[in-house]
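Encoded as structure tokens, the structure appears first; notes follow it.
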Amino acid sequence: MDTSGATGGGNGVAQKVATLRSQIEQVGMTVDELIDFPDLARLATIPEDVIRRLFQGDTVPPEEIDLSFAARLRHLVRTKRHPDGSSYTQAQIAAAVEVSTGTIQSLASGARNPGFDVARKLEVLFELPAGRLSRTGSDALSDALDRTVEGVVLMAELKGIELTNLSLRGGSPLVGDDALAKAVRSALDEADAQRRAAPAENLQAREISQELQKIPEEERSSFIEMVKHSARLWRRRS
């Protein structure tokens, strides 16, 4: 498994970061209000300072984003704590992954790359999404940003702001107790309060429910799509 880099990956994620930063500002928030940089760095397996520089608009060399597997593993060991609060030792990692300490030493030094089974067990240990360690750093960061993208797009829909160039693939921004989830729930509450305070001739909750039933079954399974659809209806009828 070679995750040392991908041609053009750094430029692609830099553009995504720049677009996201701009559109966070459009919904009236700041990057620091919505993004937990330490957690993003862990999920992306990229140092926090590199990600912050991207959000500041700095030019970051691709090799600082598309790190080797060994560098990413060392980063995880530095940033993810053992349940007892201490740093993971190579022996603890080896026991969790069911390999020898020598194998972990070889992975951390770059002498070898992991097979699929070892990589997946490392992802479980460090609480990463499946496949994260098999992707380049650029792709890993792009994936880790998708939940924030989803939240920004949803907030924009609720506020009647048109956003472009952001694709939706991430986990629900409504789930969790971080700043992003709180901001999205606050936007939902504000939109609901505006609906309740509107004149009776405007779109009522019953009408929203009826319209939602018209959404194809495969789309109705996504709560995000349902809320976005309702927001668009509300703006047209208000």
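How things are named: the first chain in the structure tokens is A, the next is B, and so on; residues count from 1 in each chain; ligands count from 1 in the order shown.
Within 10 Å of A:Arg42, once only C-alpha atoms are used and residues closer than 5 positions along the same chain are dropped, the contacting residues are Phe37, Pro47, Glu48, Arg72, His75, Leu76, Val77, Arg78, Thr79, Lys80, Phe126, Glu127, Leu128, Leu141 and Ala144 of chain A.
Interatomic distance, atom CA of A:Leu133 against atom CA of A:Phe69: 7.6 Å.
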Might you pull out every residue within 9 Å of A:Arg21, with only C-alpha atoms counted and same-chain residues fewer than 4 positions away left off, and present them as a PyMOL selection string?
-> chain A and resi 16-17+25-26+30-31+55-56
Dump as a PDB file, in the first residue's frame, selection limited to C-alpha atoms:
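selection22.pdb, written as the output of this step:
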ATOM      1  CA  LYS A  16     -11.552  23.147  -1.787  1.00  0.00           C
ATOM      2  CA  VAL A  17     -10.256  24.787   1.387  1.00  0.00           C
ATOM      3  CA  GLU A  25     -17.830  33.727   5.607  1.00  0.00           C
ATOM      4  CA  GLN A  26     -20.921  34.026   3.390  1.00  0.00           C
ATOM      5  CA  THR A  30     -15.682  32.206  10.822  1.00  0.00           C
ATOM      6  CA  VAL A  31     -13.440  29.230  10.182  1.00  0.00           C
ATOM      7  CA  PHE A  55      -7.081  27.983   5.504  1.00  0.00           C
ATOM      8  CA  GLN A  56      -4.961  31.118   5.796  1.00  0.00           C
TER       9      GLN A  56
END
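One finds atom CA of A:Gly131 at 12.2 Å from atom CA of A:Thr45.
With only C-alpha atoms as the atoms that count, the residue of A:Val13, A:Tyr88, A:Arg74, A:Leu34 with the shortest distance to A:Gly57 is A:Val13.
Here atom CA of A:Pro38 stands at a distance of 15.6 Å from atom CA of A:Gly137.
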